[in-house]
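Asks: Supplied structure: target24.cif, mmCIF, C-alpha atoms and all ligand atoms.
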```
data_final
#
loop_
_atom_site.label_atom_id
_atom_site.label_comp_id
_atom_site.auth_asym_id
_atom_site.auth_seq_id
_atom_site.Cartn_x
_atom_site.Cartn_y
_atom_site.Cartn_z
CA MET B 28 -20.93 8.65 6.93
CA GLN B 29 -17.97 6.60 8.11
CA LEU B 30 -16.11 9.03 10.36
CA LEU B 31 -12.96 6.91 10.33
CA GLY B 32 -12.50 7.64 6.63
CA THR B 33 -13.83 11.19 6.40
CA PRO B 34 -11.17 13.88 5.86
CA PHE B 35 -11.44 16.93 8.08
CA ASP B 36 -12.38 19.23 5.19
CA GLN B 37 -15.42 17.02 4.46
CA LEU B 38 -16.40 16.57 8.10
CA ALA B 39 -17.01 20.23 8.92
CA PRO B 40 -19.57 20.83 6.11
CA ALA B 41 -21.27 17.49 6.85
CA LEU B 42 -21.78 18.49 10.49
CA SER B 43 -22.87 21.94 9.43
CA ALA B 44 -25.59 20.36 7.27
CA LEU B 45 -26.92 18.74 10.46
CA GLY B 46 -27.06 22.09 12.20
CA VAL B 47 -23.94 21.32 14.23
CA PRO B 48 -21.60 24.33 14.39
CA GLU B 49 -18.42 23.69 12.40
CA VAL B 50 -16.39 24.49 15.49
CA HIS B 51 -17.30 21.02 16.82
CA ALA B 52 -15.68 19.28 13.85
CA SER B 53 -12.22 19.47 15.40
CA LYS B 54 -13.55 17.93 18.65
CA VAL B 55 -15.12 15.04 16.76
CA PHE B 56 -12.06 14.48 14.57
CA ARG B 57 -9.77 14.59 17.60
CA GLN B 58 -11.92 12.08 19.49
CA VAL B 59 -11.98 9.64 16.57
CA HIS B 60 -8.41 10.01 15.31
CA HIS B 61 -6.24 11.37 18.10
CA PHE B 62 -7.79 9.67 21.13
CA ARG B 63 -9.35 6.85 19.05
CA ALA B 64 -12.08 6.74 21.68
CA PRO B 65 -15.86 6.17 21.38
CA LEU B 66 -17.68 9.01 19.69
CA ALA B 67 -20.35 8.92 22.42
CA ASP B 68 -17.72 10.01 24.95
CA THR B 69 -16.70 13.17 23.04
CA PRO B 70 -16.61 15.99 25.59
CA GLY B 71 -18.29 19.34 25.04
CA LEU B 72 -20.79 18.43 22.32
CA GLY B 73 -23.92 18.73 24.47
CA LYS B 74 -27.14 18.55 22.43
CA HIS B 75 -25.12 18.16 19.21
CA LEU B 76 -23.92 14.68 20.14
CA ALA B 77 -27.19 12.91 19.24
CA PRO B 78 -27.38 13.99 15.56
CA ILE B 79 -23.69 13.17 15.07
CA LEU B 80 -24.23 9.71 16.54
CA ASP B 81 -27.18 9.23 14.16
CA LEU B 82 -25.02 10.26 11.21
CA ALA B 83 -21.98 8.14 12.03
CA GLU B 84 -21.83 4.60 10.69
CA PRO B 85 -19.53 2.42 12.74
CA THR B 86 -16.53 0.88 10.98
CA THR B 87 -15.06 -2.29 12.36
CA VAL B 88 -11.70 -3.60 11.30
CA ASP B 89 -10.38 -6.25 13.66
CA ILE B 90 -7.31 -8.43 13.60
CA VAL B 91 -8.84 -11.91 13.44
CA GLU B 92 -5.65 -13.91 12.84
CA SER B 93 -1.93 -13.34 13.06
CA HIS B 94 1.10 -15.40 12.11
CA ARG B 95 4.60 -14.45 13.17
CA SER B 96 7.78 -15.41 11.31
CA SER B 97 11.07 -16.02 13.09
CA ASP B 98 12.41 -12.75 11.63
CA GLY B 99 9.78 -10.85 13.67
CA THR B 100 7.52 -10.14 10.68
CA GLU B 101 3.85 -10.64 11.52
CA ARG B 102 1.15 -11.37 8.95
CA LEU B 103 -2.21 -9.99 10.04
CA VAL B 104 -5.66 -10.94 8.79
CA PHE B 105 -8.14 -8.08 9.14
CA GLY B 106 -11.83 -8.96 9.44
CA LEU B 107 -14.29 -6.49 7.90
CA ALA B 108 -17.92 -5.82 8.84
CA ASP B 109 -19.34 -7.80 5.87
CA GLY B 110 -17.30 -10.89 6.76
CA LYS B 111 -14.64 -10.31 4.11
CA GLN B 112 -11.00 -10.30 5.03
CA VAL B 113 -7.81 -8.62 3.85
CA GLU B 114 -4.23 -9.06 4.89
CA GLY B 115 -1.43 -6.84 6.11
CA VAL B 116 2.09 -7.38 7.35
CA LEU B 117 3.90 -5.70 10.24
CA ILE B 118 7.59 -5.52 9.45
CA PRO B 119 9.95 -4.49 12.25
CA ASN B 120 12.85 -2.19 11.46
CA PRO B 121 16.10 -4.13 12.04
CA ILE B 122 17.21 -1.42 14.49
CA GLY B 123 15.06 0.35 17.08
CA ASP B 124 11.36 0.07 17.84
CA ARG B 125 9.89 1.24 14.53
CA VAL B 126 7.63 -0.94 12.42
CA THR B 127 6.23 -0.66 8.91
CA LEU B 128 2.71 -1.77 8.01
CA CYS B 129 2.18 -3.20 4.54
CA LEU B 130 -1.58 -2.74 4.12
CA SER B 131 -4.35 -3.54 1.66
CA SER B 132 -6.47 -1.25 -0.50
CA GLN B 133 -8.89 -3.80 -2.03
CA VAL B 134 -10.39 -7.20 -1.24
CA GLY B 135 -8.50 -9.22 -3.86
CA CYS B 136 -7.20 -7.46 -6.95
CA ALA B 137 -8.18 -7.06 -10.60
CA MET B 138 -4.65 -6.66 -11.97
CA ALA B 139 -3.76 -10.37 -12.16
CA CYS B 140 0.04 -9.92 -12.04
CA ALA B 141 1.51 -13.35 -12.79
CA PHE B 142 3.95 -13.35 -9.85
CA CYS B 143 1.36 -12.42 -7.21
CA ALA B 144 -0.91 -14.71 -5.20
CA THR B 145 -3.46 -11.94 -4.65
CA GLY B 146 -3.81 -11.60 -8.40
CA THR B 147 -5.25 -15.12 -8.56
CA LEU B 148 -8.19 -14.08 -6.38
CA GLY B 149 -9.73 -11.48 -8.68
CA LEU B 150 -11.32 -8.33 -7.29
CA ALA B 151 -14.15 -8.79 -4.78
CA ARG B 152 -14.56 -5.12 -3.85
CA ASN B 153 -12.79 -1.90 -2.98
CA LEU B 154 -12.04 -1.05 0.60
CA SER B 155 -13.57 2.16 1.95
CA ALA B 156 -11.30 4.91 3.25
CA ALA B 157 -12.54 3.97 6.73
CA GLU B 158 -11.45 0.36 6.25
CA ILE B 159 -8.00 1.51 5.15
CA VAL B 160 -7.64 3.79 8.18
CA GLY B 161 -9.06 0.99 10.34
CA GLN B 162 -6.21 -1.33 9.31
CA VAL B 163 -3.69 1.31 10.36
CA TYR B 164 -5.31 1.86 13.76
CA ALA B 165 -5.67 -1.86 14.47
CA ALA B 166 -2.04 -2.49 13.51
CA ASP B 167 -0.89 0.55 15.46
CA ALA B 168 -2.60 -0.75 18.61
CA ARG B 169 -0.95 -4.13 18.02
CA ALA B 170 2.48 -2.56 17.62
CA THR B 171 2.05 -0.32 20.65
CA ALA B 172 1.08 -3.32 22.80
CA SER B 173 4.39 -4.93 21.77
CA GLY B 174 6.40 -1.81 22.68
CA GLN B 175 6.84 -0.81 19.02
CA ARG B 176 5.96 2.31 17.04
CA LEU B 177 4.15 2.15 13.72
CA THR B 178 5.92 4.86 11.73
CA HIS B 179 5.86 3.71 8.08
CA LEU B 180 3.13 2.56 5.69
CA VAL B 181 3.50 0.79 2.37
CA PHE B 182 0.44 0.22 0.19
CA MET B 183 1.73 -3.07 -1.18
CA GLY B 184 -0.71 -5.50 0.40
CA MET B 185 -3.81 -6.79 -1.40
CA GLY B 186 -5.06 -4.63 -4.25
CA GLU B 187 -3.87 -1.95 -6.65
CA PRO B 188 -4.08 1.27 -4.56
CA LEU B 189 -4.58 3.61 -7.51
CA HIS B 190 -7.45 1.43 -8.78
CA ASN B 191 -9.24 2.56 -5.60
CA TYR B 192 -7.82 6.05 -5.75
CA GLU B 193 -10.45 8.17 -3.97
CA ALA B 194 -10.55 5.90 -0.91
CA VAL B 195 -6.75 5.77 -0.68
CA ARG B 196 -6.52 9.56 -1.08
CA ASP B 197 -9.15 10.19 1.63
CA ALA B 198 -7.51 7.69 3.99
CA LEU B 199 -4.15 9.42 3.52
CA SER B 200 -5.76 12.82 4.11
CA VAL B 201 -7.11 11.53 7.42
CA LEU B 202 -3.80 9.94 8.42
CA PHE B 203 -1.81 13.11 7.65
CA ASP B 204 -4.23 15.51 9.36
CA SER B 205 -2.82 17.54 12.24
CA HIS B 206 -6.14 17.31 14.15
CA GLY B 207 -5.42 13.60 14.68
CA ARG B 208 -2.06 11.86 15.15
CA PRO B 209 -0.46 12.89 11.88
CA MET B 210 1.84 10.47 10.15
CA ASP B 211 4.86 11.77 8.27
CA MET B 212 3.96 11.84 4.54
CA ARG B 213 7.54 11.00 3.64
CA ARG B 214 7.17 7.66 5.42
CA VAL B 215 4.31 6.46 3.25
CA THR B 216 4.74 4.60 -0.04
CA VAL B 217 1.99 3.92 -2.56
CA SER B 218 2.63 1.27 -5.18
CA THR B 219 1.08 0.98 -8.63
CA VAL B 220 1.33 -1.20 -11.71
CA GLY B 221 1.08 1.98 -13.77
CA LEU B 222 -2.40 3.55 -13.97
CA LEU B 223 -1.27 6.67 -15.81
CA GLN B 224 -4.12 9.09 -15.07
CA LYS B 225 -4.13 8.14 -11.41
CA ILE B 226 -0.36 8.57 -11.13
CA ARG B 227 -0.85 12.12 -12.41
CA ARG B 228 -3.64 12.81 -9.89
CA PHE B 229 -1.58 11.31 -7.09
CA GLY B 230 1.31 13.60 -8.03
CA GLU B 231 -1.00 16.64 -8.07
CA ASP B 232 -2.81 15.79 -4.82
CA PHE B 233 0.28 15.09 -2.72
CA GLY B 234 2.89 17.12 -4.59
CA GLY B 235 5.19 14.10 -4.82
CA ARG B 236 5.79 14.11 -1.06
CA VAL B 237 4.26 10.64 -0.69
CA GLN B 238 6.60 8.04 -2.19
CA LEU B 239 5.48 6.46 -5.45
CA ALA B 240 6.60 2.92 -6.23
CA LEU B 241 6.14 1.59 -9.75
CA SER B 242 5.80 -2.17 -10.26
CA LEU B 243 7.86 -2.42 -13.45
CA HIS B 244 9.40 -5.92 -13.48
CA ALA B 245 10.76 -5.79 -17.02
CA GLY B 246 12.92 -3.80 -19.40
CA THR B 247 10.77 -4.31 -22.50
CA ASP B 248 7.05 -4.16 -23.30
CA GLU B 249 7.17 -7.74 -24.53
CA THR B 250 8.50 -9.18 -21.28
CA ARG B 251 6.31 -6.91 -19.17
CA ALA B 252 3.22 -8.15 -20.99
CA ARG B 253 4.14 -11.72 -19.97
CA ILE B 254 4.11 -10.68 -16.32
CA LEU B 255 1.57 -7.85 -16.04
CA PRO B 256 -1.70 -7.79 -18.03
CA ILE B 257 -1.75 -3.97 -17.75
CA ALA B 258 1.29 -3.85 -20.01
CA LYS B 259 -0.99 -4.74 -22.93
CA THR B 260 -2.61 -1.31 -22.66
CA VAL B 261 0.07 0.85 -21.01
CA SER B 262 3.46 0.98 -22.72
CA MET B 263 6.80 1.52 -21.04
CA ALA B 264 7.24 4.68 -23.11
CA GLU B 265 4.00 6.12 -21.68
CA LEU B 266 5.05 5.13 -18.18
CA ARG B 267 8.41 6.78 -18.63
CA GLU B 268 6.81 9.99 -19.89
CA THR B 269 4.43 10.05 -16.91
CA LEU B 270 7.19 9.41 -14.39
CA LEU B 271 9.43 12.10 -15.87
CA ALA B 272 6.62 14.60 -15.14
CA HIS B 273 6.02 13.31 -11.58
CA PRO B 274 6.97 15.89 -8.92
CA LEU B 275 9.91 14.90 -6.71
CA PRO B 276 10.45 17.61 -4.07
CA GLY B 277 13.62 17.68 -1.96
CA SER B 278 15.49 14.40 -1.92
CA ARG B 279 12.53 12.35 -3.10
CA HIS B 280 13.04 9.74 -5.77
CA LEU B 281 10.92 7.05 -7.39
CA MET B 282 11.01 3.46 -6.32
CA ILE B 283 11.05 0.98 -9.19
CA GLU B 284 9.95 -2.50 -8.11
CA TYR B 285 11.45 -5.45 -9.97
CA VAL B 286 10.59 -9.02 -9.01
CA VAL B 287 13.48 -11.21 -10.16
CA LEU B 288 12.09 -14.08 -12.25
CA PRO B 289 14.96 -16.25 -13.47
CA GLY B 290 14.91 -16.88 -17.20
CA VAL B 291 12.11 -14.33 -17.66
CA ASN B 292 13.40 -10.84 -16.82
CA ASP B 293 17.05 -11.21 -15.83
CA ALA B 294 18.76 -11.67 -19.24
CA PRO B 295 21.50 -9.17 -20.22
CA GLU B 296 19.33 -7.74 -23.05
CA GLU B 297 16.51 -7.14 -20.58
CA LEU B 298 18.85 -5.29 -18.23
CA ASP B 299 20.22 -3.26 -21.18
CA ALA B 300 16.66 -2.21 -22.02
CA LEU B 301 15.89 -1.42 -18.39
CA ALA B 302 19.03 0.73 -18.12
CA ALA B 303 18.01 2.66 -21.24
CA TRP B 304 14.49 3.14 -19.86
CA MET B 305 15.86 4.36 -16.52
CA ASP B 306 18.14 6.94 -18.14
CA GLY B 307 17.00 10.34 -16.85
CA ILE B 308 14.56 8.85 -14.30
CA ASP B 309 15.40 9.72 -10.70
CA GLY B 310 14.69 6.30 -9.26
CA ILE B 311 16.16 3.30 -7.49
CA VAL B 312 15.42 -0.23 -8.61
CA ASN B 313 14.36 -2.52 -5.78
CA LEU B 314 15.11 -6.12 -6.71
CA ILE B 315 12.70 -8.54 -5.05
CA PRO B 316 13.43 -12.27 -5.29
CA PHE B 317 10.24 -14.00 -6.44
CA ASN B 318 8.37 -15.50 -3.49
CA PRO B 319 6.72 -18.79 -4.38
CA PHE B 320 3.04 -19.64 -3.84
CA ALA B 321 0.87 -22.61 -4.76
CA GLY B 322 0.16 -22.73 -8.49
CA ALA B 323 2.84 -20.17 -9.45
CA SER B 324 4.48 -20.72 -12.82
CA PHE B 325 7.86 -19.25 -11.86
CA ARG B 326 10.65 -20.49 -9.67
CA SER B 327 12.47 -18.52 -6.98
CA PRO B 328 15.88 -17.19 -7.98
CA THR B 329 18.97 -18.38 -6.17
CA THR B 330 20.91 -15.86 -4.12
CA GLU B 331 23.58 -15.87 -6.86
CA GLU B 332 20.99 -15.03 -9.54
CA VAL B 333 19.65 -12.09 -7.53
CA VAL B 334 23.14 -10.76 -6.80
CA ALA B 335 24.09 -11.17 -10.49
CA THR B 336 21.04 -9.09 -11.47
CA LEU B 337 22.07 -6.43 -8.95
CA HIS B 338 25.60 -6.29 -10.34
CA GLY B 339 24.26 -6.31 -13.89
CA LEU B 340 22.19 -3.20 -13.18
CA ARG B 341 24.93 -1.38 -11.29
CA GLU B 342 27.42 -2.09 -14.09
CA ARG B 343 24.94 -0.38 -16.41
CA GLY B 344 24.80 2.67 -14.14
CA VAL B 345 21.38 1.90 -12.64
CA PRO B 346 21.00 2.54 -8.87
CA ALA B 347 19.70 -0.73 -7.44
CA LYS B 348 19.39 -2.66 -4.21
CA ILE B 349 17.97 -5.99 -3.12
CA ARG B 350 14.94 -6.34 -0.88
CA TRP B 351 15.45 -9.76 0.63
CA PRO B 352 12.19 -11.49 1.54
CA ARG B 353 10.82 -11.24 5.05
CA GLY B 354 7.91 -13.13 6.49
CA ARG B 355 8.03 -15.98 3.95
CA GLU B 356 7.35 -18.72 6.48
CA ALA B 357 4.12 -16.96 7.57
CA HIS B 358 3.18 -16.42 3.88
CA GLY B 359 3.54 -12.69 4.45
CA ALA B 360 6.29 -11.89 1.95
CA CYS B 361 5.75 -9.74 -1.17
CA GLY B 362 3.22 -11.27 -3.54
CA GLN B 363 2.17 -14.03 -1.13
CA LEU B 364 -0.95 -12.46 0.40
CA MET B 365 -3.88 -14.62 -0.59
CA LEU B 366 -5.74 -15.45 2.59
CA ALA B 367 -4.69 -19.09 2.58
CA LYS B 368 -7.18 -19.63 5.40
CA GLY B 369 -10.70 -18.25 5.16
CA ALA B 370 -10.21 -16.84 1.68
CA SER B 371 -12.94 -14.39 0.90
CA GLY B 372 -11.55 -12.25 -1.85
CA GLY B 373 -12.18 -14.53 -4.82
CA ALA B 374 -14.05 -13.32 -7.84
S1 LIG B 401 1.09 -7.23 -7.44
FE1 LIG B 401 -0.37 -5.76 -6.60
S2 LIG B 401 -1.48 -5.03 -8.43
FE2 LIG B 401 -0.48 -6.96 -9.02
S3 LIG B 401 -2.04 -8.59 -8.65
FE3 LIG B 401 -0.74 -8.39 -6.80
S4 LIG B 401 -1.89 -7.01 -5.47
FE4 LIG B 401 -2.68 -6.73 -7.53
#
```
Write out the structure in this file as structure tokens.
Ligand code: SF4

Replies:
Amino acid sequence: MQLLGTPFDQLAPALSALGVPEVHASKVFRQVHHFRAPLADTPGLGKHLAPILDLAEPTTVDIVESHRSSDGTERLVFGLADGKQVEGVLIPNPIGDRVTLCLSSQVGCAMACAFCATGTLGLARNLSAAEIVGQVYAADARATASGQRLTHLVFMGMGEPLHNYEAVRDALSVLFDSHGRPMDMRRVTVSTVGLLQKIRRFGEDFGGRVQLALSLHAGTDETRARILPIAKTVSMAELRETLLAHPLPGSRHLMIEYVVLPGVNDAPEELDALAAWMDGIDGIVNLIPFNPFAGASFRSPTTEEVVATLHGLRERGVPAKIRWPRGREAHGACGQLMLAKGASGGA
């Protein structure tokens, strides 16, 4: 059992099965997740420590490389126990000491989105819940050492998070648990290309309190299929139906991700179709200028093209904003994570 990725409600029965009274579960969880200290040093376990140590498999996630951009963004390479690597990005908030971690859910990715470097790697394997939590703790220690606070998470690094749903769900359960150092659910965003069943489960499991971001990138099925292979099996009509049923408590809304690909998805007819699709959906379109990578078959839009797309959407009544790239020079911007050095995620 990897304690780093075991939710509290699974830990207590697991310890009980070893003959360890359930009352010790909170001590163990607190040691691992609040103090983030060695299990062997847990106070008050007495004779129960030995069987717990036998049960616990260590999880190591270390930062083995880092590359900082001049805008303060830092691309991190996380080394895993089997020698594989994944990437994450620490993104400082423009004001104050808060930072966001963009983290990975898989080694590589099976979704093969045409604008994404990770998609060229193929899927090597899923990350465990412990490896997902391990990225957060390693990045948190890094941020703390720099006088910053890791307050926000976005699952937009390597991998399709809902393709590894159980591990992502368990990792979030650990990270939100009040026995540890609970993160604010409202500050976590999980992105998906549109795995319908998993979107429904995600909505049920977290009641819509964790932000859902949909990688849409087109206004029509035809254009979407040019960019995202999943669009050949999941239509925009099905996506729309699923999103309309997604719970959005309080002031929550959906985030709709749209990589601007000039000449591909920015034509007036495409924006008309997107506006019609968005009608009735409580969401904001995030326009992301395409970030280039070696071998990509698209070009980056000019600033004018991105701004024209923004105006085009707003004129059609669609709430939209631009997410200007950060971390490009360290290859840490959206869609650029591909382990340029020491690549290990290839299929
Ligand atoms: S955009 Fe996300 S889902 Fe698509 S290939 Fe890249 S990592 Fe995978």

Asks: Could you please extract the residues within 9 Å of ligand LIG 401 (chain B), counting only C-alpha atoms and all ligand atoms, and hand them back as an MDAnalysis selection string?

Replies: chainID B and resid 131:133 135:150 183:188 190 218:220 242 255 361:364

Asks: Please provide the set of residues having any atom within 10 Å of range 61-75 of chain B, restricted to only C-alpha atoms, with same-chain residues fewer than 2 positions apart removed, written as a VMD selection string.

Replies: chain B and resid 30 to 31 42 45 to 48 51 to 52 54 to 59 77 to 80 83 85 164 204 to 209

Asks: Tell me which of B:Leu222, B:Ile254, B:Ile159, B:Ala240 sits closest to Leu281 in chain B, counting all atoms listed in the file.

Replies: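 Answer, going by the shortest atom-to-atom distance: B:Ala240.
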
Asks: One decimal, Å: what's the distance from CA of His280 in chain B over to CA of Ile308 in chain B, could you say?

Replies: 8.7 Å

Asks: Could you check which of B:Phe105, B:Trp351, B:Phe325, B:Phe233 is closest to Arg213 in chain B, using all atoms listed in the file?

Replies: B:Phe233

Asks: Calculated over all atoms listed in the file, which of the candidates B:Leu103, B:Ala198, B:Leu180, B:Ala321 has the smallest distance to Gln29 in chain B?

Replies: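 Looking at the shortest contact to Gln29 in chain B, the residue is B:Ala198.
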
Asks: Which residues come within 10 Å of Val261 in chain B, counting all atoms listed in the file, excluding same-chain residues fewer than 5 positions away, as a ChimeraX atom specification?

Replies: /B:220-223,248,252,256,266

Asks: Out of B:Pro289, B:Gly234, B:Gly246, B:Gly307, which residue has the shortest atom-to-atom distance to Glu268 in chain B when counting all atoms listed in the file?

Replies: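 The closest residue to Glu268 in chain B is B:Gly307.
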
Asks: Using all atoms listed in the file - which residues lie no farther than 10 Å from the point (11.9, 6.9, -10.2) in the file's frame? Write them as a ChimeraX atom specification.

Replies: /B:238-241,267,270-271,273,275,279-284,305,307-312

Asks: Any idea what the distance is between CA of Ser173 in chain B and CA of Ile118 in chain B?

Replies: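 About the pair CA of Ser173 in chain B and CA of Ile118 in chain B: they are 12.7 Å apart.
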
Asks: Quick one: residues within 10 Å of Leu298 in chain B, only C-alpha atoms, excluding same-chain residues fewer than 3 positions away - as a PyMOL selection string?

Replies: chain B and resi 245-247+292-295+301-304+336-337+339-340+343+345

Asks: Expressed in Å to a single decimal, how great is the separation between CA of Arg169 in chain B and CA of Ser96 in chain B?

Replies: 15.8 Å

Asks: Find the spatial neighbours of Val88 in chain B, counting all atoms listed in the file, within a cut-off of 7 Å - ignore same-chain residues fewer than 3 positions away - and output them as a list in words.

Replies: Phe105, Gly106, Leu107, Glu158, Gly161 and Gln162 of chain B

Asks: The centre and edge lengths of an axis-aligned box containing all atoms of range 255-261 of chain B present in the file, extended by 8 Å on each side, are to be given in Å to one decimal, as AutoDock Vina command-line options.

Replies:
```
--center_x -0.5 --center_y -3.5 --center_z -19.5 --size_x 20.2 --size_y 24.7 --size_z 22.9
```

Asks: Restricting the calculation to only C-alpha atoms, which member of B:Lys259, B:Arg353, B:Thr250, B:Ala335 is positioned closest to Arg95 in chain B?

Replies: B:Arg353

Asks: Restricting the calculation to only C-alpha atoms: of B:Val113, B:Ala323, B:Ala157, B:Ile349, which residue gets closest to Ser200 in chain B?

Replies: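 For Ser200 in chain B, the nearest of the candidates is B:Ala157.
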
Asks: For the structure just given, write the atoms of range 216-259 of chain B, namely C-alpha atoms, as a PDB file, in the first residue's frame.

Replies:
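Generated file (result.pdb):
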```pdb
ATOM      1  CA  THR B 216      -8.872  22.428 -11.919  1.00  0.00           C
ATOM      2  CA  VAL B 217      -9.082  19.125 -13.763  1.00  0.00           C
ATOM      3  CA  SER B 218      -8.902  19.208 -17.537  1.00  0.00           C
ATOM      4  CA  THR B 219     -10.320  16.690 -20.001  1.00  0.00           C
ATOM      5  CA  VAL B 220     -10.657  16.208 -23.738  1.00  0.00           C
ATOM      6  CA  GLY B 221     -14.175  14.945 -23.084  1.00  0.00           C
ATOM      7  CA  LEU B 222     -14.418  11.419 -21.624  1.00  0.00           C
ATOM      8  CA  LEU B 223     -18.173  11.525 -21.077  1.00  0.00           C
ATOM      9  CA  GLN B 224     -18.657   8.795 -18.466  1.00  0.00           C
ATOM     10  CA  LYS B 225     -15.736  10.052 -16.421  1.00  0.00           C
ATOM     11  CA  ILE B 226     -17.012  13.641 -16.545  1.00  0.00           C
ATOM     12  CA  ARG B 227     -20.256  12.346 -15.038  1.00  0.00           C
ATOM     13  CA  ARG B 228     -18.406  10.446 -12.291  1.00  0.00           C
ATOM     14  CA  PHE B 229     -16.216  13.445 -11.574  1.00  0.00           C
ATOM     15  CA  GLY B 230     -19.332  15.591 -11.203  1.00  0.00           C
ATOM     16  CA  GLU B 231     -20.912  13.045  -8.841  1.00  0.00           C
ATOM     17  CA  ASP B 232     -17.778  12.472  -6.749  1.00  0.00           C
ATOM     18  CA  PHE B 233     -16.914  16.130  -6.180  1.00  0.00           C
ATOM     19  CA  GLY B 234     -20.317  17.752  -6.619  1.00  0.00           C
ATOM     20  CA  GLY B 235     -18.907  20.200  -9.160  1.00  0.00           C
ATOM     21  CA  ARG B 236     -16.818  21.960  -6.507  1.00  0.00           C
ATOM     22  CA  VAL B 237     -13.580  21.051  -8.296  1.00  0.00           C
ATOM     23  CA  GLN B 238     -13.270  23.089 -11.493  1.00  0.00           C
ATOM     24  CA  LEU B 239     -13.748  21.183 -14.748  1.00  0.00           C
ATOM     25  CA  ALA B 240     -11.943  22.416 -17.852  1.00  0.00           C
ATOM     26  CA  LEU B 241     -12.957  21.025 -21.224  1.00  0.00           C
ATOM     27  CA  SER B 242     -10.398  20.992 -24.041  1.00  0.00           C
ATOM     28  CA  LEU B 243     -12.758  21.950 -26.864  1.00  0.00           C
ATOM     29  CA  HIS B 244     -10.650  23.805 -29.462  1.00  0.00           C
ATOM     30  CA  ALA B 245     -13.296  23.952 -32.184  1.00  0.00           C
ATOM     31  CA  GLY B 246     -16.853  24.993 -32.939  1.00  0.00           C
ATOM     32  CA  THR B 247     -17.714  22.042 -35.200  1.00  0.00           C
ATOM     33  CA  ASP B 248     -17.202  18.271 -35.078  1.00  0.00           C
ATOM     34  CA  GLU B 249     -15.351  18.427 -38.375  1.00  0.00           C
ATOM     35  CA  THR B 250     -12.708  20.881 -37.177  1.00  0.00           C
ATOM     36  CA  ARG B 251     -12.455  19.217 -33.780  1.00  0.00           C
ATOM     37  CA  ALA B 252     -11.725  15.879 -35.430  1.00  0.00           C
ATOM     38  CA  ARG B 253      -8.748  17.491 -37.207  1.00  0.00           C
ATOM     39  CA  ILE B 254      -7.288  18.492 -33.850  1.00  0.00           C
ATOM     40  CA  LEU B 255      -8.453  15.856 -31.350  1.00  0.00           C
ATOM     41  CA  PRO B 256      -8.730  12.141 -32.237  1.00  0.00           C
ATOM     42  CA  ILE B 257     -11.359  11.725 -29.482  1.00  0.00           C
ATOM     43  CA  ALA B 258     -13.728  13.862 -31.547  1.00  0.00           C
ATOM     44  CA  LYS B 259     -14.158  10.897 -33.903  1.00  0.00           C
TER      45      LYS B 259
END
```
